Amino acid sequence: MESSGYVLLVDDDPTALKLLTKVMSRNDYQVLTSTSAEEARAKIEKFGQEVETIILDLAMPGEMDGHGLCKWLQEQPSPRKEIPIIVLSVKSSPEDMAKSYECGAFQHIAKPYNAQHLLSVVDSVIRMKHASETARAMAEKYAAIVENAPVGVLIVDSEFNVLEMSRVLSERYAKENSGEPFKTYELLYNPPRTKPDPEMPLAKALQSGKISRDTVRLKEAGNLVWWDMSAAPLTDKQGQITGAVLIMHDVTHEREMEQKLRDEAERNKKAEEEANQNAKRLREVMAKQDDFTDLLMDAQREARQQRDEAEQAKQKLEEANVQLEKLSITDPLTGLYNRRRFFNAFGQEIIRATRYHHPLSLIMLDIDLFKNVNDTYGHPVGDEVLRGMAAILNQQVRETDILARYGGEEFVMMLSETEAESAKIIAERLRQNIESAVFIKNKPELRITVSMGVSSQKGTLEPNAILAAADEALYQAKRSGRNCVVFKAAQAD
């Protein structure tokens, strides 16, 4: 295989070292050589992580032999201690091999050796080292994503033990780290519960193996807080549920605004009823008091005034109802439909498309590195970017489509009667338009890109399957370097 680093050869026999160097070089490996353990240690300290693997003899001149070099390497910090070692020695008794493995050697090969076998072992250890480095980098990236997510993120195992949590939650629910695992229902509830609530989205996702969403009210520091929760199960290669991801968005402010509008509507309704009662009593008085003209005229004026007040109250009630309806389905920042309205329309379109056997496609997109925009330019600029994104997306939406802000910097487009290929074309055109757009006129250096996941299905449509496919495609787009479109066909349950 091709290697960008070095294979370090350590042997005090010049002839053996020359032959080994020839074998490695002929197979396109870059070689470093040492004739003693001390010299090898110096080269490891100099080249560090560039050393891909070490092939060494056990018998060495000087104070340090091959086993001593292995032990020294195991005492070094990562990633130096993770350099794989292949022992090449005439000492190949079971005791010698056991001693090599105890010192951290990956393989013990007896001399004289088979060159092809040795090359296969070298190829294997280098591939193993690259895979380990890639896995470590992915783990660090994954941990950073969870830690810096702009919404609450909890990752739990199948027993509700918290494995990871985003900074949003760790700062909000400060919990002393005793080293012992703790449960989600011990973290989120006040006072802590002793067992999970089976009606919560997290419990439903772990039980059913399907995505579960709900708006939940919890007590926090003496106050009631509303959370929009979405839980998705995690499974192993055998399909067994091993845990779940819980995403939490605080919607307390929206709930309080809705309650204020409802209270105002109720007050206006009572005012209208009271005005109607007053008008009724006035009519009764007018019927009985025909002889009192002056009183009648005064009563008429009062009735007109009360009718005007009743009309005003009615008008306020109608305006409040319109505002309440708009608030319940509209994202206040972008003016797009919100998540609730999207799911209502999505469910209706699923039924219609299934009935008439029409195709349905879904595009989920996420602004790349949006946190950097907020951190660099401030949240007002971030809000302007979100509004600009909504305007660009609106230009591509047909009357039969649904465009919504899915949450944070994520948007979703439902394309009715649209095949997969057309959805891919639309998504790519959107990606190019966004990449070339100027969002802030006085900040032309601010360029925005998006990652997009596309899914499509036809026939008997499964909403969870389409959503899950689009979400997974979006995740793959992020992993593929962002600023790209990934398609994944939805699979029926």
# chains A, B, ... in the order shown; residues from 1 in each chain; ligands from 1

$ residues_around --residues "stretch 20-22 of chain A" --least-positions-apart "5" --cutoff "10 Å" --atoms "only C-alpha atoms" --output "ChimeraX atom specification"
/A:7-11,14-15,27,29-33,55,115,118

$ residues_around --residues "stretch 403-414 of chain A" --least-positions-apart "5" --cutoff "6 Å" --atoms "only C-alpha atoms" --output "PyMOL selection string"
chain A and resi 336-339+362-367

$ residues_around --residues "A:Cys70" --least-positions-apart "2" --cutoff "8 Å" --atoms "only C-alpha atoms" --output "ChimeraX atom specification"
/A:66-68,72-74,85,103-105

$ closest_residue --among "A:Ala205, A:Gly481, A:Ser170, A:Ile402" --to "A:Asn344" --atoms "only C-alpha atoms"
A:Ile402

$ atom_distance --atom1 "atom CA of A:Thr242" --atom2 "atom CA of A:Asp157"
5.8 Å

$ closest_residue --among "A:Leu234, A:Ile247, A:Ile54, A:Val87" --to "A:Ser166" --atoms "only C-alpha atoms"
A:Ile247
